[in-house]
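Dropping protein14.cif in here (mmCIF, C-alpha atoms):
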```cif
data_start
loop_
_atom_site.label_atom_id
_atom_site.label_comp_id
_atom_site.auth_asym_id
_atom_site.auth_seq_id
_atom_site.Cartn_x
_atom_site.Cartn_y
_atom_site.Cartn_z
CA MET A 19 -39.08 118.49 87.18
CA LYS A 20 -38.17 120.04 83.83
CA THR A 21 -36.02 122.60 85.57
CA LEU A 22 -34.30 119.91 87.63
CA ARG A 23 -33.56 117.90 84.50
CA PHE A 24 -32.38 121.06 82.77
CA LEU A 25 -30.07 121.88 85.70
CA LYS A 26 -28.72 118.34 85.72
CA SER A 27 -28.07 118.51 81.97
CA ILE A 28 -26.30 121.84 82.30
CA ALA A 29 -24.17 120.51 85.14
CA SER A 30 -23.23 117.46 83.10
CA ALA A 31 -22.39 119.59 80.08
CA VAL A 32 -20.28 121.96 82.14
CA ALA A 33 -18.46 119.07 83.80
CA LEU A 34 -17.62 117.68 80.38
CA LEU A 35 -16.60 121.03 78.98
CA VAL A 36 -14.33 122.05 81.81
CA GLY A 37 -12.76 118.63 81.89
CA ILE A 38 -13.39 117.88 85.51
CA HIS A 39 -11.42 114.87 86.62
CA SER A 40 -10.20 113.30 89.79
CA SER A 41 -7.09 115.41 90.31
CA SER A 42 -8.65 118.89 90.22
CA ALA A 43 -12.04 120.50 89.61
CA GLN A 44 -10.92 124.09 89.28
CA VAL A 45 -11.22 125.62 85.82
CA LEU A 46 -8.75 128.32 86.67
CA PRO A 47 -6.43 128.56 89.66
CA ASN A 48 -7.88 130.51 92.61
CA SER A 49 -11.31 130.74 91.01
CA TYR A 50 -14.85 129.52 91.57
CA PHE A 51 -17.97 129.02 89.46
CA ASN A 52 -21.60 128.52 90.46
CA ILE A 53 -24.50 127.31 88.34
CA ASP A 54 -27.75 127.47 90.28
CA TRP A 55 -31.44 126.83 90.05
CA GLN A 56 -33.04 130.03 91.31
CA LEU A 57 -36.37 130.23 93.11
CA GLY A 58 -37.84 133.52 94.21
CA MET A 59 -40.62 136.07 94.28
CA PRO A 60 -40.97 139.82 93.91
CA LEU A 61 -41.92 141.68 97.09
CA SER A 62 -44.23 144.69 97.37
CA THR A 63 -44.73 145.14 93.64
CA ASP A 64 -48.39 144.04 93.46
CA PHE A 65 -47.54 142.67 90.03
CA ALA A 66 -46.69 139.03 89.28
CA ASP A 67 -45.52 138.54 92.85
CA LYS A 68 -46.11 134.80 93.17
CA PHE A 69 -43.26 132.45 94.08
CA SER A 70 -41.65 130.76 91.08
CA GLY A 71 -38.79 128.40 90.28
CA TRP A 72 -38.34 129.67 86.73
CA GLY A 73 -34.86 131.04 87.26
CA MET A 74 -31.17 130.29 87.03
CA ASN A 75 -27.98 131.96 88.23
CA PHE A 76 -24.50 131.86 86.72
CA GLU A 77 -21.58 133.28 88.62
CA GLY A 78 -17.80 133.14 88.64
CA GLY A 79 -15.05 134.82 90.61
CA TYR A 80 -11.41 135.04 91.50
CA PHE A 81 -9.85 134.75 94.97
CA LEU A 82 -8.01 138.00 95.59
CA THR A 83 -7.08 136.63 99.01
CA ASP A 84 -8.01 133.43 100.85
CA ALA A 85 -11.22 135.14 101.97
CA ILE A 86 -12.14 137.74 99.37
CA THR A 87 -13.41 137.01 95.85
CA ILE A 88 -14.50 139.30 93.05
CA GLY A 89 -16.19 138.27 89.84
CA GLY A 90 -19.26 138.51 87.66
CA PHE A 91 -22.76 137.13 87.49
CA ILE A 92 -25.86 136.90 85.33
CA ASN A 93 -29.17 135.41 86.34
CA TYR A 94 -32.80 135.39 85.31
CA GLN A 95 -36.16 134.87 86.93
CA THR A 96 -39.76 134.85 85.74
CA ASN A 97 -42.71 135.27 88.09
CA PHE A 98 -46.39 135.08 87.31
CA GLU A 99 -49.80 135.96 88.70
CA LYS A 100 -53.28 135.11 87.45
CA ILE A 101 -55.71 138.04 87.48
CA PRO A 102 -59.43 137.20 87.38
CA ARG A 103 -61.59 139.02 84.87
CA GLN A 104 -61.91 142.69 85.73
CA THR A 105 -62.61 145.97 83.97
CA LEU A 106 -59.67 148.29 83.46
CA THR A 107 -60.40 151.94 82.70
CA LEU A 108 -57.77 153.11 80.24
CA ASP A 109 -56.94 156.53 78.82
CA ASN A 110 -59.85 158.76 77.77
CA GLY A 111 -62.41 156.49 79.39
CA ASN A 112 -61.75 153.57 77.06
CA ALA A 113 -62.11 150.29 78.92
CA LEU A 114 -60.97 146.70 78.74
CA THR A 115 -62.67 143.79 80.49
CA THR A 116 -60.58 140.65 80.52
CA SER A 117 -58.82 138.06 82.64
CA GLN A 118 -55.04 138.24 82.56
CA LYS A 119 -51.82 136.52 83.44
CA HIS A 120 -49.10 138.88 84.59
CA ALA A 121 -45.40 138.13 84.27
CA ILE A 122 -42.18 139.83 85.31
CA PHE A 123 -38.97 138.60 83.71
CA GLN A 124 -35.77 139.90 85.33
CA LEU A 125 -32.30 139.56 83.81
CA PRO A 126 -29.68 141.24 86.04
CA PHE A 127 -25.94 141.04 85.42
CA GLY A 128 -22.83 142.72 86.75
CA VAL A 129 -20.05 142.29 89.30
CA SER A 130 -20.08 140.31 92.51
CA GLY A 131 -17.93 140.21 95.61
CA ARG A 132 -17.79 137.74 98.49
CA TYR A 133 -16.21 137.34 101.86
CA ASN A 134 -15.60 133.64 102.53
CA TRP A 135 -14.95 131.75 105.72
CA LEU A 136 -13.45 128.29 106.38
CA THR A 137 -12.12 127.92 102.83
CA ASP A 138 -10.35 124.68 103.66
CA SER A 139 -13.39 122.93 105.11
CA VAL A 140 -16.33 120.98 103.69
CA PHE A 141 -18.79 123.79 104.46
CA GLN A 142 -17.53 127.14 103.26
CA PRO A 143 -19.98 129.95 104.15
CA TYR A 144 -19.83 133.39 102.63
CA ALA A 145 -21.57 136.74 102.50
CA GLY A 146 -21.67 138.57 99.22
CA MET A 147 -22.99 141.48 97.24
CA LYS A 148 -23.98 141.78 93.59
CA LEU A 149 -24.10 145.11 91.77
CA GLY A 150 -25.01 145.76 88.18
CA ALA A 151 -27.74 146.49 85.66
CA SER A 152 -31.06 144.73 85.28
CA TRP A 153 -33.29 144.35 82.27
CA ALA A 154 -36.87 143.51 83.16
CA GLN A 155 -39.92 142.91 81.01
CA ILE A 156 -43.31 143.54 82.60
CA SER A 157 -46.04 141.70 80.68
CA SER A 158 -49.76 141.14 80.66
CA TYR A 159 -51.19 138.21 78.71
CA TYR A 160 -54.92 138.37 77.93
CA TYR A 161 -57.05 136.52 75.41
CA VAL A 162 -54.54 135.94 72.58
CA TYR A 163 -52.59 139.14 73.21
CA LYS A 164 -49.39 140.02 75.05
CA GLN A 165 -48.79 143.62 76.09
CA TYR A 166 -45.44 144.46 77.67
CA THR A 167 -43.02 147.14 78.79
CA ASP A 168 -39.23 146.76 78.72
CA THR A 169 -37.32 148.46 81.52
CA TRP A 170 -33.73 148.97 82.63
CA GLY A 171 -32.51 149.68 86.14
CA PHE A 172 -29.68 149.58 88.64
CA TYR A 173 -29.42 146.28 90.52
CA LEU A 174 -28.19 145.53 94.04
CA SER A 175 -28.37 142.16 95.78
CA PRO A 176 -26.91 141.08 99.13
CA GLU A 177 -26.57 137.34 99.55
CA VAL A 178 -25.49 134.73 102.10
CA GLY A 179 -24.62 131.20 101.15
CA VAL A 180 -22.48 128.16 101.56
CA SER A 181 -20.38 126.09 99.19
CA ILE A 182 -20.24 122.42 100.15
CA PHE A 183 -17.24 120.47 98.97
CA PRO A 184 -17.25 116.81 100.10
CA ARG A 185 -13.54 116.84 99.28
CA PRO A 186 -12.25 120.40 99.77
CA ASP A 187 -9.06 119.65 97.83
CA MET A 188 -11.17 118.92 94.69
CA ARG A 189 -13.46 121.97 95.01
CA PHE A 190 -16.35 120.34 93.21
CA GLY A 191 -19.58 120.27 95.16
CA PHE A 192 -22.83 122.01 95.89
CA HIS A 193 -23.99 125.54 96.48
CA ALA A 194 -26.91 127.03 98.40
CA ALA A 195 -27.70 130.70 98.95
CA LEU A 196 -30.37 133.10 100.16
CA TYR A 197 -30.66 136.44 98.40
CA TYR A 198 -32.52 139.70 98.44
CA SER A 199 -32.42 142.04 95.48
CA TYR A 200 -33.56 145.52 94.62
CA SER A 201 -33.59 147.03 91.16
CA THR A 202 -34.75 150.47 90.11
CA ASN A 203 -36.72 149.14 87.11
CA SER A 204 -39.97 151.03 86.72
CA GLY A 205 -42.69 150.90 84.12
CA ASP A 206 -46.38 151.28 83.40
CA LEU A 207 -48.61 148.74 81.73
CA LEU A 208 -52.35 149.10 81.15
CA THR A 209 -53.50 150.51 84.50
CA TYR A 210 -50.63 148.98 86.47
CA SER A 211 -47.47 150.70 87.60
CA VAL A 212 -44.27 149.07 88.85
CA SER A 213 -41.80 151.31 90.64
CA GLY A 214 -38.69 149.39 91.67
CA ILE A 215 -38.57 145.62 92.01
CA GLN A 216 -37.63 143.91 95.26
CA SER A 217 -37.14 140.16 95.25
CA PHE A 218 -36.32 137.45 97.72
CA GLY A 219 -35.35 133.85 97.05
CA PHE A 220 -32.81 131.11 97.21
CA ARG A 221 -30.43 129.27 94.92
CA LEU A 222 -29.41 125.64 94.77
CA GLY A 223 -26.74 124.41 92.45
CA ILE A 224 -23.24 123.25 91.87
CA SER A 225 -19.94 124.90 92.74
CA PHE A 226 -16.52 124.20 91.32
CA MET B 27 -6.77 125.24 76.54
CA LYS B 28 -8.24 127.07 79.48
CA ILE B 29 -9.39 129.94 77.25
CA LYS B 30 -11.18 127.50 74.95
CA GLN B 31 -12.86 125.89 77.93
CA LEU B 32 -14.01 129.28 79.18
CA LEU B 33 -15.39 130.15 75.74
CA LEU B 34 -17.29 126.88 75.68
CA LEU B 35 -18.59 127.58 79.16
CA ALA B 36 -19.72 131.04 78.07
CA THR B 37 -21.43 129.54 75.02
CA VAL B 38 -23.35 127.13 77.22
CA GLY B 39 -24.39 130.03 79.41
CA VAL B 40 -25.57 132.14 76.48
CA MET B 41 -27.49 129.20 74.99
CA ALA B 42 -29.19 128.59 78.32
CA LEU B 43 -30.12 132.26 78.66
CA ALA B 44 -31.32 132.60 75.08
CA SER B 45 -34.43 130.61 75.91
CA CYS B 46 -34.75 131.52 79.54
CA GLN B 47 -37.81 133.74 79.44
CA LYS B 48 -40.79 131.65 80.41
CA ASP B 49 -44.21 132.49 79.03
CA PRO B 50 -47.12 131.67 81.30
CA SER B 51 -49.61 129.04 80.33
CA THR B 52 -52.36 130.89 78.50
CA SER B 53 -54.67 127.94 78.56
CA GLY B 54 -58.12 129.16 79.44
CA LEU B 55 -57.45 132.80 78.59
CA ASP B 56 -58.83 132.45 75.06
CA ASN B 57 -62.01 130.82 76.37
CA GLU B 58 -62.96 133.80 78.49
CA TYR B 59 -64.53 136.72 76.71
CA LEU B 60 -62.76 140.04 76.30
CA VAL B 61 -64.56 143.36 75.95
CA TYR B 62 -62.75 146.46 74.72
CA THR B 63 -64.61 149.71 74.22
CA ALA B 64 -63.26 152.96 72.83
CA HIS B 65 -64.85 156.24 71.85
CA ASP B 66 -64.28 159.69 70.45
CA ALA B 67 -63.59 161.71 73.59
CA SER B 68 -64.72 164.90 71.85
CA ALA B 69 -68.14 163.52 70.92
CA ASP B 70 -71.25 164.81 72.68
CA PHE B 71 -73.27 161.66 73.21
CA SER B 72 -75.93 163.55 75.15
CA ALA B 73 -76.93 165.25 71.88
CA ILE B 74 -77.79 161.95 70.22
CA GLY B 75 -81.52 161.48 69.86
CA THR B 76 -82.12 158.66 67.40
CA TYR B 77 -80.34 155.59 66.12
CA TYR B 78 -80.79 152.98 63.44
CA ILE B 79 -79.57 149.40 63.60
CA PRO B 80 -79.95 146.86 60.76
CA ASP B 81 -81.92 143.67 61.38
CA SER B 82 -78.93 141.43 60.72
CA ILE B 83 -75.26 141.02 61.57
CA LEU B 84 -72.69 141.23 58.81
CA LEU B 85 -70.41 138.20 58.59
CA ILE B 86 -66.82 139.15 57.97
CA GLY B 87 -64.76 136.60 56.11
CA SER B 88 -67.74 135.05 54.36
CA HIS B 89 -69.59 135.93 51.20
CA ALA B 90 -72.60 134.83 49.22
CA ILE B 91 -73.06 134.57 45.45
CA ASN B 92 -75.88 136.54 43.87
CA GLU B 93 -77.90 135.64 40.76
CA GLU B 94 -75.32 137.27 38.54
CA GLY B 95 -72.63 135.06 40.05
CA GLU B 96 -71.04 137.96 41.91
CA LYS B 97 -69.69 137.77 45.42
CA VAL B 98 -71.79 139.79 47.84
CA SER B 99 -71.90 140.39 51.57
CA LYS B 100 -73.37 137.69 53.77
CA TYR B 101 -75.48 138.36 56.84
CA TRP B 102 -76.36 136.48 60.02
CA LYS B 103 -80.12 136.60 60.59
CA ASP B 104 -81.14 133.64 62.74
CA ALA B 105 -82.55 133.64 66.27
CA ASP B 106 -79.09 134.00 67.84
CA ALA B 107 -78.41 137.07 65.70
CA MET B 108 -81.77 138.54 66.73
CA THR B 109 -80.91 137.91 70.39
CA LEU B 110 -77.69 139.90 70.00
CA ILE B 111 -79.36 142.75 68.09
CA ASN B 112 -82.17 142.92 70.63
CA THR B 113 -79.58 143.15 73.39
CA ILE B 114 -77.97 146.13 71.68
CA VAL B 115 -81.40 147.71 71.15
CA SER B 116 -82.44 147.27 74.78
CA GLN B 117 -79.16 148.77 75.97
CA LEU B 118 -79.46 151.80 73.67
CA ASN B 119 -83.10 152.33 74.62
CA ALA B 120 -82.14 152.18 78.28
CA LEU B 121 -79.57 154.90 77.63
CA GLY B 122 -82.34 157.15 76.31
CA TYR B 123 -81.82 156.86 72.56
CA ALA B 124 -84.86 156.47 70.29
CA ARG B 125 -84.81 153.75 67.66
CA ILE B 126 -85.76 154.35 64.02
CA THR B 127 -87.05 151.06 62.67
CA ASP B 128 -87.98 152.07 59.12
CA GLY B 129 -85.03 151.21 56.90
CA ALA B 130 -86.00 153.91 54.43
CA LEU B 131 -85.41 156.50 57.15
CA ARG B 132 -82.08 155.16 58.38
CA THR B 133 -80.11 158.09 56.98
CA SER B 134 -82.16 160.48 59.10
CA ALA B 135 -80.95 158.93 62.36
CA ASP B 136 -78.29 160.71 64.43
CA VAL B 137 -76.16 157.59 64.65
CA GLY B 138 -76.04 154.20 62.98
CA LEU B 139 -75.05 150.94 64.62
CA GLN B 140 -73.29 148.35 62.52
CA PRO B 141 -72.85 144.94 64.17
CA SER B 142 -70.40 142.49 62.61
CA TYR B 143 -69.10 139.05 63.42
CA VAL B 144 -65.70 137.79 62.30
CA GLU B 145 -66.65 134.33 61.09
CA GLN B 146 -63.44 133.44 59.34
CA SER B 147 -59.93 134.70 58.88
CA THR B 148 -58.18 137.33 60.89
CA TYR B 149 -59.50 140.77 60.12
CA PHE B 150 -57.12 143.68 60.32
CA VAL B 151 -58.02 147.28 60.85
CA GLY B 152 -55.43 149.68 59.48
CA TYR B 153 -55.17 152.23 62.26
CA ASN B 154 -52.51 154.27 60.46
CA ASP B 155 -54.14 153.93 57.08
CA PRO B 156 -57.85 153.57 57.64
CA TYR B 157 -58.87 154.37 54.08
CA TRP B 158 -58.37 150.92 52.66
CA TRP B 159 -60.65 149.46 55.30
CA GLY B 160 -63.56 151.33 53.73
CA TYR B 161 -63.09 149.14 50.72
CA TYR B 162 -62.56 145.87 52.57
CA PRO B 163 -64.59 143.26 50.70
CA TYR B 164 -67.94 142.37 52.21
CA TYR B 165 -67.70 144.92 55.01
CA TRP B 166 -70.20 147.65 55.75
CA MET B 167 -69.79 150.17 52.98
CA PRO B 168 -70.01 153.84 54.01
CA SER B 169 -72.53 154.35 51.23
CA TYR B 170 -74.99 152.22 53.22
CA TRP B 171 -75.40 155.26 55.44
CA GLY B 172 -75.05 158.01 52.85
CA PRO B 173 -72.55 159.79 50.61
CA TRP B 174 -69.37 159.11 52.56
CA TYR B 175 -66.14 157.77 51.13
CA GLY B 176 -64.40 155.67 53.77
CA TRP B 177 -64.22 155.46 57.54
CA TYR B 178 -62.52 157.50 60.19
CA TYR B 179 -61.44 156.41 63.67
CA PRO B 180 -60.68 159.37 65.95
CA PHE B 181 -59.32 156.98 68.61
CA SER B 182 -57.03 153.98 68.82
CA VAL B 183 -58.43 150.54 68.09
CA TYR B 184 -57.13 147.02 68.26
CA TYR B 185 -55.07 146.22 65.22
CA GLY B 186 -56.13 142.61 64.78
CA TYR B 187 -59.54 141.08 65.20
CA THR B 188 -59.54 137.32 65.53
CA THR B 189 -62.05 134.77 64.35
CA GLY B 190 -65.01 134.64 66.69
CA SER B 191 -65.00 138.37 67.41
CA LEU B 192 -68.14 140.47 67.62
CA LEU B 193 -67.84 144.14 66.63
CA VAL B 194 -70.33 146.91 67.22
CA GLU B 195 -69.64 150.36 65.83
CA MET B 196 -71.58 153.57 66.21
CA VAL B 197 -71.19 155.93 63.25
CA ASP B 198 -71.98 159.64 63.25
CA LEU B 199 -74.65 160.26 60.62
CA ASN B 200 -74.68 163.99 61.37
CA SER B 201 -71.09 164.41 60.20
CA GLU B 202 -70.28 166.27 57.03
CA SER B 203 -70.68 164.08 53.96
CA GLY B 204 -69.80 164.44 50.33
CA SER B 205 -66.76 164.05 48.15
CA GLY B 206 -63.65 163.18 50.12
CA LYS B 207 -65.49 163.05 53.46
CA SER B 208 -65.08 160.04 55.75
CA LEU B 209 -67.69 158.72 58.12
CA PRO B 210 -66.47 159.02 61.72
CA ILE B 211 -66.97 156.18 64.19
CA LEU B 212 -67.95 157.57 67.56
CA TRP B 213 -67.84 154.39 69.61
CA ASN B 214 -66.85 150.81 69.09
CA ALA B 215 -67.01 147.62 71.07
CA TYR B 216 -64.71 144.72 70.34
CA ILE B 217 -65.76 141.45 71.95
CA SER B 218 -63.85 138.24 71.57
CA GLY B 219 -63.48 134.82 73.17
CA LEU B 220 -67.00 133.80 72.21
CA ILE B 221 -66.14 130.38 70.80
CA ASP B 222 -66.27 127.46 73.21
CA GLY B 223 -64.06 124.39 73.28
CA ASN B 224 -66.31 122.66 70.74
CA ASN B 225 -65.99 125.56 68.30
CA ARG B 226 -69.54 126.72 69.00
CA PHE B 227 -70.62 130.32 69.38
CA GLU B 228 -71.67 131.07 72.97
CA THR B 229 -74.75 133.25 72.65
CA ALA B 230 -75.27 133.67 76.40
CA ALA B 231 -71.68 134.83 76.85
CA ALA B 232 -72.10 137.21 73.90
CA VAL B 233 -75.19 138.76 75.48
CA GLU B 234 -73.33 139.16 78.78
CA ALA B 235 -70.36 140.69 76.97
CA LEU B 236 -72.57 143.13 75.04
CA GLU B 237 -74.17 144.27 78.29
CA GLN B 238 -70.67 144.68 79.72
CA ALA B 239 -69.67 146.81 76.70
CA PHE B 240 -72.41 149.31 77.53
CA ALA B 241 -71.80 149.07 81.28
CA GLN B 242 -68.17 150.08 80.85
CA SER B 243 -69.13 153.00 78.56
CA PRO B 244 -70.98 155.33 80.97
CA TYR B 245 -70.36 158.36 78.72
CA LEU B 246 -72.99 156.99 76.32
CA LYS B 247 -75.81 157.83 78.70
CA LYS B 248 -77.88 160.80 77.63
#
```
Would you mind giving the structure from this file in structure tokens?
Amino acid sequence: MKTLRFLKSIASAVALLVGIHSSSAQVLPNSYFNIDWQLGMPLSTDFADKFSGWGMNFEGGYFLTDAITIGGFINYQTNFEKIPRQTLTLDNGNALTTSQKHAIFQLPFGVSGRYNWLTDSVFQPYAGMKLGASWAQISSYYYVYKQYTDTWGFYLSPEVGVSIFPRPDMRFGFHAALYYSYSTNSGDLLTYSVSGIQSFGFRLGISF
Amino acid sequence: MKIKQLLLLATVGVMALASCQKDPSTSGLDNEYLVYTAHDASADFSAIGTYYIPDSILLIGSHAINEEGEKVSKYWKDADAMTLINTIVSQLNALGYARITDGALRTSADVGLQPSYVEQSTYFVGYNDPYWWGYYPYYWMPSYWGPWYGWYYPFSVYYGYTTGSLLVEMVDLNSESGSGKSLPILWNAYISGLIDGNNRFETAAAVEALEQAFAQSPYLKK
């Protein structure tokens, strides 16, 4: 609910800032912007791979042609996992017995491209690709401590989605998308090792 | 005008992202005990024959006043303290070490055990500068064991010990002593999370955690 309220507040603020009114919703000619609530989960990492809605996506682009757009994006996502108490054997035989909460925070950003269909209709589907860099923090919380590793990697994310404009001439409406992402972020933490992060999820938001 | 709007939009985005990292709820984590054990990997524990352990637990963060009005170390000696000490004793005996019970002979033991409990205030161990710790007020003084002048950790330890932590350290009484010599710590156990929701010490959990400390230190076995 907090995230929904946050999204609604952001949308309201953006609407005020960009001066959306009845004649036109476009900030710039031949452009689009998306602000989304992002829900997703890492795949095959065995670390903090539980589904979570702690994410958002910001994206904008320019129509090179009626069908092709190019632009930029930045998004973030945090996923968690509770680990029951267990004994971890560390370097040199030292050992730690504790329960933990694992977290992965991903912050990718870069360029995006889309191929759009039916750009004059209410439902405007597209297929897109995001490429860029990703900063990810891999963390373990135990007792009153937080231990973490910061990582950088290359980011790639194919996506399919649809922009929904109740009045296509206004270009202010909703956005929904499914995405998969892969980043090369790798890091070690305690006895855990993450080598590349795959994620899958969806986005719901506004488009203008 | 459009540029200003874009700058405002970017500002909103940056502000939203500035606080975007979500920390998990850690509720419950600090109520479950933690056991960390570390040791000197070069130590030969199989060569240890005898040990001495005091009959009380030093309370870190507290002090008593003696007859001269001076602040002196304070010790925990009640039935709960005896339960914890007896747990350590039974674990060491099970490992094959022989206990020296006569306090006058403590310096003749191969190793000494010094149990402590952090009753108040956060207690910091200076890993990079361990010398000052030897002079930490109301802590075990190296001279309790003999003519040593400070402590020495040949392995990494936790930097901060929080209130409610139980510490057990094994010191090497066969190490070289004398002027400028530090007393090496061969093994230590750091146990925390022993305070329940009503701010009471959980003796049963402490016993379980002490047993776990020895269970996860198989190199101690003779």
Counting all atoms listed in the file, the option among B:Gln238, B:Ser82, B:Ser72, B:Thr63 closest to Leu139 of chain B: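 For Leu139 of chain B, the nearest of the given residues is B:Ser82.
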Skipping near chain neighbours, those fewer than 6 positions away, what residues fall within 9 Å of segment 151-162 of chain A using only C-alpha atoms, listed as number ranges by chain? A: 65-66, 116-128, 168-174, 201-208, 212; B: 50, 52, 54-60, 188, 218-219
Selection result of the PyMOL selection byres ((chain A) within 9 of (chain B)) on this file, as a compact mmCIF listing (two decimals) with C-alpha atoms, in the frame of the given file:
```txt
# COMPACT_ATOMS: atom_id res chain seq x y z
CA ILE A 28 -26.30 121.84 82.30
CA ALA A 31 -22.39 119.59 80.08
CA VAL A 32 -20.28 121.96 82.14
CA LEU A 35 -16.60 121.03 78.98
CA VAL A 36 -14.33 122.05 81.81
CA GLY A 37 -12.76 118.63 81.89
CA VAL A 45 -11.22 125.62 85.82
CA LEU A 46 -8.75 128.32 86.67
CA TRP A 72 -38.34 129.67 86.73
CA GLY A 73 -34.86 131.04 87.26
CA MET A 74 -31.17 130.29 87.03
CA PHE A 76 -24.50 131.86 86.72
CA ASN A 93 -29.17 135.41 86.34
CA TYR A 94 -32.80 135.39 85.31
CA GLN A 95 -36.16 134.87 86.93
CA THR A 96 -39.76 134.85 85.74
CA ASN A 97 -42.71 135.27 88.09
CA PHE A 98 -46.39 135.08 87.31
CA GLU A 99 -49.80 135.96 88.70
CA ARG A 103 -61.59 139.02 84.87
CA THR A 105 -62.61 145.97 83.97
CA THR A 107 -60.40 151.94 82.70
CA ASN A 110 -59.85 158.76 77.77
CA GLY A 111 -62.41 156.49 79.39
CA ASN A 112 -61.75 153.57 77.06
CA ALA A 113 -62.11 150.29 78.92
CA LEU A 114 -60.97 146.70 78.74
CA THR A 115 -62.67 143.79 80.49
CA THR A 116 -60.58 140.65 80.52
CA SER A 117 -58.82 138.06 82.64
CA GLN A 118 -55.04 138.24 82.56
CA LYS A 119 -51.82 136.52 83.44
CA HIS A 120 -49.10 138.88 84.59
CA ALA A 121 -45.40 138.13 84.27
CA PHE A 123 -38.97 138.60 83.71
CA GLN A 124 -35.77 139.90 85.33
CA TYR A 159 -51.19 138.21 78.71
CA TYR A 160 -54.92 138.37 77.93
CA TYR A 161 -57.05 136.52 75.41
CA VAL A 162 -54.54 135.94 72.58
```
Using all atoms listed in the file, what residues lie at most 7 Å away from (-65.8, 155.7, 53.3) (file coordinates), given as a ChimeraX atom specification? /B:160,167-168,174-177,208-209
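Selection by the PyMOL selection byres ((chain A and resi 138) around 10) on the present file picks out Asp84, Trp135, Leu136, Thr137, Ser139, Val140, Phe141, Gln142, Phe183, Arg185, Pro186, Asp187 and Arg189 of chain A.
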Explicit residue set for the PyMOL selection byres ((chain A and resi 177) around 12), as a PyMOL selection string: chain A and resi 130-134+143-149+174-176+178-180+194-200+217-221
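When only C-alpha atoms are used to measure the gap to Phe227 of chain B, the shortest distance among B:Ala69, B:Ala241, B:Leu212, B:Leu110 belongs to B:Leu110.
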Given all atoms listed in the file as the counted atoms, nearest of A:Gln216, A:Ser225, A:Gln165, A:Thr87 to Phe192 of chain A: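 So, comparing all the options, the nearest one is A:Ser225.
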Given only C-alpha atoms as the counted atoms, nearest of B:Gly204, B:Pro173, B:Pro180, B:Pro80 to Arg132 of chain B: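 Closest residue, counting only C-alpha atoms: B:Pro80.
Picture a line from atom CA of Leu199 of chain B to atom CA of Leu131 of chain B; it runs 11.9 Å.
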Atomic separation - atom CA of Gly138 of chain B relative to atom CA of Trp171 of chain B, Å: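 We find that atom CA of Trp171 of chain B and atom CA of Gly138 of chain B lie 7.6 Å from each other.
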So that I can see what lies close to Ser88 of chain B, please list as a PyMOL selection string the residues with an atom at most 9 Å from it, counting all atoms listed in the file and leaving out residues fewer than 3 positions away in the same chain. chain B and resi 85+99-101+144-146+164
In Å, with one decimal, what is the gap from atom CA of Met196 of chain B to atom CA of Ala90 of chain B?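 Calculated distance between atom CA of Met196 of chain B and atom CA of Ala90 of chain B is 25.3 Å.
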List the spatial neighbours of Ile114 of chain B as number ranges by chain - criterion: any atom at most 12 Å away, only C-alpha atoms, same-chain residues fewer than 4 positions off excluded. B: 77-83, 107-110, 118-121, 123, 125, 139-141, 193-196, 215, 232-241
Using all atoms listed in the file, which residues sit within 8 Å of Asp136 of chain B once same-chain residues fewer than 5 positions away are excluded, as a list of chain:residue names?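 These residues fall inside the cut-off: B:Ile74, B:Gly75, B:Thr76, B:Tyr77, B:Asp198, B:Leu199, B:Asn200.
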